[in-house]
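Pasting coords.csv here (CSV, C-alpha atoms (C1' of nucleotides)):
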```
chain,number,residue,atom,x,y,z
A,1,MET,CA,-59.7,15.8,-38.8
A,2,THR,CA,-58.2,17.8,-35.9
A,3,LEU,CA,-54.7,18.4,-34.7
A,4,PRO,CA,-53.6,18.0,-31.1
A,5,HIS,CA,-54.3,21.1,-29.0
A,6,PRO,CA,-53.9,21.5,-25.2
A,7,THR,CA,-57.0,22.0,-23.2
A,8,ALA,CA,-57.5,25.4,-21.7
A,9,GLU,CA,-56.3,24.1,-18.3
A,10,GLN,CA,-53.1,22.7,-19.8
A,11,ILE,CA,-52.0,26.0,-21.2
A,12,SER,CA,-48.9,27.0,-19.2
A,13,LEU,CA,-48.0,30.6,-18.5
A,14,PRO,CA,-44.2,30.2,-18.8
A,15,ASN,CA,-44.7,28.2,-22.0
A,16,VAL,CA,-47.0,30.9,-23.5
A,17,LEU,CA,-44.5,33.6,-22.7
A,18,ALA,CA,-41.6,31.6,-24.0
A,19,VAL,CA,-43.4,30.9,-27.3
A,20,LEU,CA,-44.4,34.5,-27.7
A,21,GLY,CA,-40.8,35.5,-27.0
A,22,ASP,CA,-39.7,34.8,-30.5
A,23,PRO,CA,-39.9,37.6,-33.1
A,24,THR,CA,-41.2,35.4,-35.9
A,25,ARG,CA,-44.0,34.0,-33.7
A,26,LEU,CA,-44.8,37.3,-32.2
A,27,ALA,CA,-45.2,38.7,-35.7
A,28,ILE,CA,-47.5,35.8,-36.6
A,29,VAL,CA,-49.7,36.5,-33.5
A,30,ARG,CA,-49.7,40.2,-34.3
A,31,TYR,CA,-50.9,39.5,-37.8
A,32,LEU,CA,-53.5,37.1,-36.6
A,33,ALA,CA,-54.8,39.7,-34.2
A,34,SER,CA,-54.9,42.3,-37.0
A,35,LYS,CA,-57.2,40.0,-39.0
A,36,GLU,CA,-59.1,38.6,-36.0
A,37,GLY,CA,-62.2,36.7,-37.1
A,38,VAL,CA,-60.7,35.8,-40.5
A,39,PRO,CA,-59.0,32.3,-40.3
A,40,LEU,CA,-55.6,32.4,-42.1
A,41,ASN,CA,-53.7,29.6,-43.7
A,42,CYS,CA,-50.0,29.1,-43.4
A,43,SER,CA,-49.0,30.5,-46.8
A,44,GLN,CA,-50.2,34.0,-45.6
A,45,PHE,CA,-47.1,34.1,-43.5
A,46,LEU,CA,-44.5,33.2,-46.0
A,47,ASP,CA,-43.0,36.7,-45.7
A,48,LEU,CA,-41.8,35.6,-42.2
A,49,GLY,CA,-39.9,32.5,-43.2
A,50,SER,CA,-39.7,29.3,-45.3
A,51,LYS,CA,-42.6,26.9,-45.5
A,52,THR,CA,-40.7,24.4,-43.3
A,53,ASN,CA,-39.8,27.1,-40.8
A,54,LEU,CA,-43.4,28.3,-40.5
A,55,SER,CA,-44.6,24.8,-40.0
A,56,TYR,CA,-42.3,24.7,-37.0
A,57,HIS,CA,-43.3,28.0,-35.5
A,58,LEU,CA,-47.0,27.4,-36.1
A,59,ALA,CA,-46.8,24.1,-34.4
A,60,LYS,CA,-45.1,25.7,-31.4
A,61,LEU,CA,-47.9,28.3,-31.2
A,62,ARG,CA,-50.6,25.6,-31.4
A,63,GLU,CA,-48.9,23.3,-28.9
A,64,ALA,CA,-48.6,26.2,-26.4
A,65,GLY,CA,-52.3,26.9,-26.8
A,66,VAL,CA,-51.9,30.3,-28.4
A,67,THR,CA,-53.5,29.3,-31.7
A,68,ARG,CA,-56.1,26.9,-32.9
A,69,THR,CA,-55.6,25.0,-36.2
A,70,GLU,CA,-58.4,23.6,-38.1
A,71,VAL,CA,-57.8,21.3,-41.0
A,72,VAL,CA,-59.9,22.1,-44.1
A,73,GLY,CA,-59.0,20.2,-47.2
A,74,THR,CA,-55.3,20.7,-47.9
A,75,SER,CA,-54.9,23.8,-45.9
A,76,ARG,CA,-54.9,24.7,-42.2
A,77,LEU,CA,-57.0,27.6,-40.9
A,78,ILE,CA,-55.3,29.3,-38.0
A,79,THR,CA,-57.0,31.5,-35.4
A,80,LEU,CA,-56.0,33.0,-32.1
A,81,ARG,CA,-57.3,31.1,-29.1
A,82,ARG,CA,-58.4,34.4,-27.6
A,83,ASP,CA,-61.3,32.9,-25.6
A,84,ASP,CA,-59.1,30.4,-23.7
A,85,LEU,CA,-56.2,32.8,-23.3
A,86,ASP,CA,-58.4,35.5,-21.9
A,87,ALA,CA,-60.0,33.1,-19.5
A,88,ARG,CA,-56.8,31.7,-18.3
A,89,PHE,CA,-54.6,34.9,-18.3
A,90,PRO,CA,-56.9,37.9,-18.3
A,91,GLY,CA,-55.5,40.9,-20.1
A,92,LEU,CA,-52.3,39.2,-21.2
A,93,LEU,CA,-53.0,38.7,-24.9
A,94,ASP,CA,-54.3,42.2,-25.2
A,95,SER,CA,-51.3,43.8,-23.7
A,96,VAL,CA,-48.9,41.7,-25.7
A,97,ILE,CA,-50.7,42.5,-28.9
A,98,ALA,CA,-51.0,46.2,-28.1
A,99,ALA,CA,-47.2,46.3,-27.5
A,100,ALA,CA,-46.5,44.2,-30.5
A,101,VAL,CA,-48.5,46.5,-32.8
A,102,ASP,CA,-46.2,49.4,-32.4
A,103,ASP,CA,-42.9,47.4,-32.3
A,104,PRO,CA,-41.0,48.4,-35.5
A,105,ALA,CA,-38.4,45.8,-34.8
A,106,LEU,CA,-40.8,42.9,-35.5
A,107,PRO,CA,-40.8,41.4,-39.0
A,108,ALA,CA,-43.9,42.4,-40.9
A,109,VAL,CA,-46.2,40.2,-42.9
A,110,GLY,CA,-46.7,42.7,-45.8
A,111,ALA,CA,-43.0,43.2,-46.1
A,112,SER,CA,-42.5,41.7,-49.6
A,113,GLU,CA,-45.2,43.9,-51.2
A,114,ILE,CA,-43.7,47.0,-49.8
A,115,GLU,CA,-40.3,46.1,-51.1
A,116,ALA,CA,-41.7,45.3,-54.5
A,117,ARG,CA,-43.1,48.8,-54.6
A,118,ALA,CA,-39.8,50.4,-53.9
B,119,MET,CA,-21.4,51.9,-8.5
B,120,THR,CA,-24.1,50.8,-10.9
B,121,LEU,CA,-24.5,47.9,-13.2
B,122,PRO,CA,-25.4,48.1,-16.9
B,123,HIS,CA,-29.2,48.5,-17.5
B,124,PRO,CA,-30.9,49.1,-20.8
B,125,THR,CA,-32.7,52.4,-21.2
B,126,ALA,CA,-36.5,52.3,-21.3
B,127,GLU,CA,-36.5,52.6,-25.1
B,128,GLN,CA,-34.0,49.7,-25.4
B,129,ILE,CA,-36.3,47.3,-23.7
B,130,SER,CA,-37.5,44.8,-26.3
B,131,LEU,CA,-40.9,43.1,-26.1
B,132,PRO,CA,-39.8,39.7,-27.5
B,133,ASN,CA,-36.8,39.8,-25.2
B,134,VAL,CA,-38.9,40.6,-22.1
B,135,LEU,CA,-41.4,37.8,-23.0
B,136,ALA,CA,-38.6,35.3,-23.6
B,137,VAL,CA,-36.9,36.2,-20.3
B,138,LEU,CA,-40.2,35.8,-18.4
B,139,GLY,CA,-40.9,32.5,-20.2
B,140,ASP,CA,-38.6,30.7,-17.8
B,141,PRO,CA,-40.1,29.2,-14.6
B,142,THR,CA,-37.3,30.3,-12.4
B,143,ARG,CA,-37.3,33.8,-13.6
B,144,LEU,CA,-41.0,34.1,-13.5
B,145,ALA,CA,-40.9,32.9,-9.9
B,146,ILE,CA,-38.4,35.6,-9.1
B,147,VAL,CA,-40.6,38.2,-10.7
B,148,ARG,CA,-43.6,36.9,-8.8
B,149,TYR,CA,-41.8,37.2,-5.5
B,150,LEU,CA,-40.5,40.6,-6.3
B,151,ALA,CA,-44.1,41.7,-7.1
B,152,SER,CA,-45.3,40.2,-3.8
B,153,LYS,CA,-42.8,42.3,-1.9
B,154,GLU,CA,-43.0,45.3,-4.1
B,155,GLY,CA,-41.4,48.4,-2.6
B,156,VAL,CA,-39.0,46.3,-0.6
B,157,PRO,CA,-35.7,45.8,-2.4
B,158,LEU,CA,-34.5,42.2,-2.1
B,159,ASN,CA,-31.0,40.9,-2.3
B,160,CYS,CA,-30.0,37.8,-4.2
B,161,SER,CA,-29.9,35.4,-1.3
B,162,GLN,CA,-33.6,35.8,-0.8
B,163,PHE,CA,-34.0,33.6,-3.9
B,164,LEU,CA,-31.8,30.7,-2.9
B,165,ASP,CA,-34.8,28.4,-2.8
B,166,LEU,CA,-35.0,28.8,-6.6
B,167,GLY,CA,-31.5,27.6,-7.4
B,168,SER,CA,-27.8,27.7,-6.7
B,169,LYS,CA,-26.0,31.0,-6.1
B,170,THR,CA,-24.3,30.8,-9.5
B,171,ASN,CA,-27.5,29.9,-11.2
B,172,LEU,CA,-29.4,32.8,-9.6
B,173,SER,CA,-26.6,35.2,-10.6
B,174,TYR,CA,-27.2,34.1,-14.2
B,175,HIS,CA,-31.0,34.5,-14.1
B,176,LEU,CA,-30.9,37.8,-12.3
B,177,ALA,CA,-28.5,39.1,-14.9
B,178,LYS,CA,-30.9,38.1,-17.6
B,179,LEU,CA,-33.8,39.9,-15.9
B,180,ARG,CA,-31.7,43.0,-15.5
B,181,GLU,CA,-30.3,43.0,-19.1
B,182,ALA,CA,-33.8,42.6,-20.4
B,183,GLY,CA,-35.0,45.6,-18.4
B,184,VAL,CA,-37.3,43.7,-16.1
B,185,THR,CA,-35.4,44.4,-12.9
B,186,ARG,CA,-33.2,47.1,-11.6
B,187,THR,CA,-30.1,46.2,-9.6
B,188,GLU,CA,-28.5,48.6,-7.2
B,189,VAL,CA,-25.2,47.8,-5.7
B,190,VAL,CA,-25.1,48.6,-1.9
B,191,GLY,CA,-22.0,47.5,-0.1
B,192,THR,CA,-21.5,43.8,-0.8
B,193,SER,CA,-25.1,43.1,-1.8
B,194,ARG,CA,-27.4,43.9,-4.7
B,195,LEU,CA,-30.8,45.3,-4.1
B,196,ILE,CA,-33.2,44.1,-6.8
B,197,THR,CA,-36.5,45.7,-7.7
B,198,LEU,CA,-39.0,45.4,-10.5
B,199,ARG,CA,-38.7,48.1,-13.2
B,200,ARG,CA,-42.4,48.7,-13.0
B,201,ASP,CA,-42.3,52.3,-14.1
B,202,ASP,CA,-40.5,51.6,-17.3
B,203,LEU,CA,-42.3,48.4,-18.1
B,204,ASP,CA,-45.7,50.0,-17.6
B,205,ALA,CA,-44.7,53.0,-19.8
B,206,ARG,CA,-43.4,50.7,-22.5
B,207,PHE,CA,-45.9,47.9,-22.4
B,208,PRO,CA,-49.0,49.0,-20.6
B,209,GLY,CA,-50.8,46.3,-18.6
B,210,LEU,CA,-48.3,43.6,-19.5
B,211,LEU,CA,-46.5,43.3,-16.2
B,212,ASP,CA,-49.8,43.3,-14.3
B,213,SER,CA,-51.4,40.6,-16.3
B,214,VAL,CA,-48.2,38.4,-16.2
B,215,ILE,CA,-48.0,38.8,-12.4
B,216,ALA,CA,-51.7,38.2,-11.9
B,217,ALA,CA,-51.4,35.0,-13.9
B,218,ALA,CA,-48.2,34.0,-12.2
B,219,VAL,CA,-49.7,34.5,-8.7
B,220,ASP,CA,-52.1,31.6,-9.1
B,221,ASP,CA,-49.8,29.3,-11.0
B,222,PRO,CA,-49.2,26.3,-8.8
B,223,ALA,CA,-46.6,24.9,-11.2
B,224,LEU,CA,-44.2,27.7,-10.5
B,225,PRO,CA,-41.4,27.1,-8.0
B,226,ALA,CA,-42.1,29.0,-4.8
B,227,VAL,CA,-39.6,31.1,-2.8
B,228,GLY,CA,-40.9,30.0,0.6
B,229,ALA,CA,-40.6,26.3,-0.3
B,230,SER,CA,-37.8,25.3,2.0
B,231,GLU,CA,-39.6,26.6,5.1
B,232,ILE,CA,-42.7,24.8,4.2
B,233,GLU,CA,-40.8,21.5,3.8
B,234,ALA,CA,-39.0,22.1,7.1
B,235,ARG,CA,-42.3,22.4,8.9
B,236,ALA,CA,-43.6,19.1,7.4
C,237,DC,C1',-5.1,41.4,9.3
C,238,DC,C1',-7.9,37.5,8.9
C,239,DC,C1',-12.3,35.6,8.1
C,240,DT,C1',-16.9,35.6,6.7
C,241,DT,C1',-20.5,37.1,3.7
C,242,DA,C1',-22.4,38.3,-0.9
C,243,DG,C1',-22.1,37.8,-5.3
C,244,DT,C1',-19.5,37.5,-10.0
C,245,DT,C1',-16.8,35.3,-13.7
C,246,DC,C1',-15.1,31.7,-16.3
C,247,DA,C1',-14.9,27.5,-18.8
C,248,DA,C1',-17.0,23.1,-19.6
C,249,DA,C1',-21.0,20.0,-20.3
C,250,DA,C1',-25.7,19.2,-21.3
C,251,DT,C1',-29.7,20.6,-23.3
C,252,DT,C1',-32.8,23.0,-26.1
C,253,DC,C1',-33.8,25.9,-30.1
C,254,DG,C1',-34.1,27.7,-34.8
C,255,DT,C1',-33.2,26.8,-39.6
C,256,DT,C1',-32.6,24.1,-43.7
C,257,DG,C1',-33.3,20.7,-47.5
C,258,DA,C1',-35.1,16.4,-49.1
C,259,DA,C1',-38.7,13.5,-48.9
C,260,DC,C1',-43.3,12.6,-47.9
C,261,DA,C1',-48.7,12.7,-47.5
C,262,DA,C1',-53.2,14.5,-48.7
C,263,DT,C1',-56.3,17.1,-51.3
C,264,DT,C1',-57.8,19.5,-55.5
C,265,DG,C1',-58.1,20.5,-60.4
C,266,DT,C1',-57.7,18.9,-65.3
D,267,DA,C1',-54.6,9.1,-63.7
D,268,DC,C1',-51.6,13.0,-63.5
D,269,DA,C1',-50.0,17.1,-61.8
D,270,DA,C1',-50.2,21.0,-58.8
D,271,DT,C1',-51.0,22.9,-54.2
D,272,DT,C1',-50.5,22.8,-49.0
D,273,DG,C1',-48.4,21.6,-45.6
D,274,DT,C1',-45.8,18.0,-42.5
D,275,DT,C1',-41.9,15.0,-41.0
D,276,DC,C1',-37.2,13.8,-40.6
D,277,DA,C1',-32.4,14.2,-39.9
D,278,DA,C1',-28.8,17.4,-39.6
D,279,DC,C1',-26.4,21.4,-38.2
D,280,DG,C1',-25.0,25.6,-35.9
D,281,DA,C1',-26.3,28.6,-32.4
D,282,DA,C1',-28.0,29.9,-28.0
D,283,DT,C1',-29.4,28.5,-23.3
D,284,DT,C1',-29.1,26.5,-18.8
D,285,DT,C1',-26.5,24.4,-15.2
D,286,DT,C1',-22.4,23.4,-12.6
D,287,DG,C1',-18.1,23.8,-9.9
D,288,DA,C1',-13.9,26.2,-9.1
D,289,DA,C1',-11.8,30.3,-8.7
D,290,DC,C1',-12.3,35.0,-7.9
D,291,DT,C1',-13.4,40.1,-6.1
D,292,DA,C1',-15.0,43.3,-2.8
D,293,DA,C1',-17.0,44.9,1.5
D,294,DG,C1',-17.5,44.3,6.6
D,295,DG,C1',-16.8,42.4,11.3
D,296,DG,C1',-13.7,41.0,15.0
```

Show how you would write the structure in this file as structure tokens.
Amino acid sequence: MTLPHPTAEQISLPNVLAVLGDPTRLAIVRYLASKEGVPLNCSQFLDLGSKTNLSYHLAKLREAGVTRTEVVGTSRLITLRRDDLDARFPGLLDSVIAAAVDDPALPAVGASEIEARA
Amino acid sequence: MTLPHPTAEQISLPNVLAVLGDPTRLAIVRYLASKEGVPLNCSQFLDLGSKTNLSYHLAKLREAGVTRTEVVGTSRLITLRRDDLDARFPGLLDSVIAAAVDDPALPAVGASEIEARA
DNA sequence: CCCTTAGTTCAAAATTCGTTGAACAATTGT
DNA sequence: ACAATTGTTCAACGAATTTTGAACTAAGGG
């Protein structure tokens, strides 16, 4: 069972930029990059919004070709489509992630644990 | 006489990405990059939209910190803010421009001349 | 001074976007 | 079979974005 993904050629630059131009989605991508190699499921991101809201944002990322979503049982494993993005737009993902990593204005995924400690 | 520009520190990554994630604005940036060093005035971009519409998009680019606008007499000279963008988000502008250069889906600035020749 | 050129501002209309809750589907565990 | 877990879909709503035309400002040329 696999969800609709664009092919590498169908990935559109303006669309990728627009999709990354949302703080929640950029935070998702930043977190995916920090755990690259480890597929994450949606509930990992609950710090960033409600379940419904994440479903919306993760669909946007998938439809734009930024992430790949694999259905495994009842959960979706999400990874960055780094291979296709690098082939299509060399250097773009790296520079976006590097800039996102030190952006204190972006919402953080570990935020609730930090608050709990305070 | 100078228009309001954000300082380098005020330039926000999500905002820059969102602003670049519009085909018209990306086409503007691509054209600015192709003529880098040469300041362009707004009417150079009339292929991409109406005067009013360009005023809107160029304001967005300026407010996001992507371009710098200098008022000279009755016209505005527009340049890329490459120095600040490179300092803030290293490699980002270059990869975006490189990808935009070979994107046939973007509207082109010379389009009306090409049609006139046909 | 009048006219043109260059561009902005404003309000309105059309569209798209982000967020929510309620209901739903599918898988897994007991 | 039942219940819990994971996540989607749908309709709704407010907010933001894009586009347009009409009116406007400001500088320059004749």

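One distance worth recording is that between atom CA of Pro4 of chain A and atom CA of Thr67 of chain A, which is 11.3 Å.
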
Wanna dump the chain C-chain A contacts at 9 Å for me, each residue with its shortest atom pair and the distance in Å to one decimal, counting all atoms listed in the file, ordered by chain and number, as JSON lines?
```
{"residue": "C:DG254", "atom": "C1'", "partner": "A:Asn53", "partner_atom": "CA", "distance": 8.3}
{"residue": "C:DT255", "atom": "C1'", "partner": "A:Asn53", "partner_atom": "CA", "distance": 6.7}
{"residue": "C:DT256", "atom": "C1'", "partner": "A:Thr52", "partner_atom": "CA", "distance": 8.1}
{"residue": "C:DA262", "atom": "C1'", "partner": "A:Thr74", "partner_atom": "CA", "distance": 6.6}
{"residue": "C:DT263", "atom": "C1'", "partner": "A:Thr74", "partner_atom": "CA", "distance": 5.1}
{"residue": "C:DT264", "atom": "C1'", "partner": "A:Thr74", "partner_atom": "CA", "distance": 8.1}
```

- Name the closest residue to Val96 of chain A among the candidates B:Leu135, B:Ala226, B:Ala151, B:Pro124; distances are taken between atoms, counting all atoms listed in the file. B:Leu135

- Message: For a quick check of understanding, using all atoms listed in the file, which of A:Arg62, A:Arg88, A:His5, A:Pro14 has the smallest distance to Ala145 of chain B?
- Response: A:Pro14

- Task: Have a look at A:Arg76, A:Glu70, A:Lys35, A:Thr7 and name the one nearest to chain D; count only C-alpha atoms (C1' of nucleotides).
- Result: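 Once distances to chain D are computed over only C-alpha atoms (C1' of nucleotides), the minimum belongs to A:Arg76.
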
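You can rank D:DT275, D:DT284, D:DG295, D:DA267 by their closest distance to chain A using all atoms listed in the file, and at the top of that list sits D:DT275.
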
Mind listing as a tab-separated table (two decimals) with C-alpha atoms (C1' of nucleotides), keeping the file's coordinate frame all residues within 9 Å of (-15.1, 42.5, 3.9), counting all atoms listed in the file?
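Contents of point-v8.tsv, as written:
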```tsv
chain	number	residue	atom	x	y	z
B	192	THR	CA	-21.50	43.80	-0.80
C	239	DC	C1'	-12.30	35.60	8.10
C	240	DT	C1'	-16.90	35.60	6.70
C	241	DT	C1'	-20.50	37.10	3.70
D	292	DA	C1'	-15.00	43.30	-2.80
D	293	DA	C1'	-17.00	44.90	1.50
D	294	DG	C1'	-17.50	44.30	6.60
D	295	DG	C1'	-16.80	42.40	11.30
```

Determine, counting only C-alpha atoms (C1' of nucleotides), every residue of protein, DNA or RNA that lies within 7 Å of (-51.8, 37.9, -15.5) in the file coordinates, then give the result as an mmCIF file with C-alpha atoms, in the frame of the given file.
```cif
data_model
loop_
_atom_site.group_PDB
_atom_site.id
_atom_site.type_symbol
_atom_site.label_atom_id
_atom_site.label_comp_id
_atom_site.auth_asym_id
_atom_site.auth_seq_id
_atom_site.Cartn_x
_atom_site.Cartn_y
_atom_site.Cartn_z
ATOM 1 C CA PHE A 89 -54.600 34.900 -18.300
ATOM 2 C CA PRO A 90 -56.900 37.900 -18.300
ATOM 3 C CA GLY A 91 -55.500 40.900 -20.100
ATOM 4 C CA LEU A 92 -52.300 39.200 -21.200
ATOM 5 C CA ASP B 212 -49.800 43.300 -14.300
ATOM 6 C CA SER B 213 -51.400 40.600 -16.300
ATOM 7 C CA VAL B 214 -48.200 38.400 -16.200
ATOM 8 C CA ILE B 215 -48.000 38.800 -12.400
ATOM 9 C CA ALA B 216 -51.700 38.200 -11.900
ATOM 10 C CA ALA B 217 -51.400 35.000 -13.900
ATOM 11 C CA ALA B 218 -48.200 34.000 -12.200
#
```

Residues within 8 Å of Pro157 of chain B, all atoms listed in the file, excluding chain neighbours under 2 positions, as a tab-separated table (two decimals) with C-alpha atoms, in the coordinates of the input:
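Written out: around02.tsv:
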```
chain	number	residue	atom	x	y	z
B	153	LYS	CA	-42.80	42.30	-1.90
B	154	GLU	CA	-43.00	45.30	-4.10
B	155	GLY	CA	-41.40	48.40	-2.60
B	159	ASN	CA	-31.00	40.90	-2.30
B	195	LEU	CA	-30.80	45.30	-4.10
B	196	ILE	CA	-33.20	44.10	-6.80
B	197	THR	CA	-36.50	45.70	-7.70
```

- Task: Dump as a list in words the residues of chain D that approach chain A to within 10 Å, counting all atoms listed in the file.
- Result: DT271, DT272, DG273, DT274 and DT275 of chain D

- Query: Nearest to chain A: which of B:Leu166, B:Val227, B:Leu121, B:Leu211 is it, counting all atoms listed in the file?
  - Reply: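 Of the candidates, the smallest distance to chain A is held by B:Leu211.
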
- Query: What does the distance between atom CA of Leu40 of chain A and atom CA of Asp22 of chain A come to in Å, to one decimal place?
  - Reply: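 Atom-to-atom, atom CA of Leu40 of chain A to atom CA of Asp22 of chain A, that is 19.8 Å.
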
- Taken to one decimal, the atom CA of Val71 of chain A-atom CA of Thr2 of chain A distance is 6.2 Å

- Measuring atom to atom with all atoms listed in the file, identify which of C:DC246, C:DC253, C:DC238, C:DA261 is nearest to DG287 of chain D. C:DC246

- Shell around Gly21 of chain A at 9 Å using all atoms listed in the file, local window under 6 positions removed, as an MDAnalysis selection string: chainID B and resid 131:139

As a compact mmCIF listing (two decimals) with C-alpha atoms (C1' of nucleotides), in the coordinates of the input, please: the residues near DT251 of chain C (cut-off 12 Å, only C-alpha atoms (C1' of nucleotides), same-chain neighbours under 4 positions excluded).
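That gives us result-v1.txt:
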```
# COMPACT_ATOMS: atom_id res chain seq x y z
C1' DA D 282 -28.00 29.90 -28.00
C1' DT D 283 -29.40 28.50 -23.30
C1' DT D 284 -29.10 26.50 -18.80
C1' DT D 285 -26.50 24.40 -15.20
```
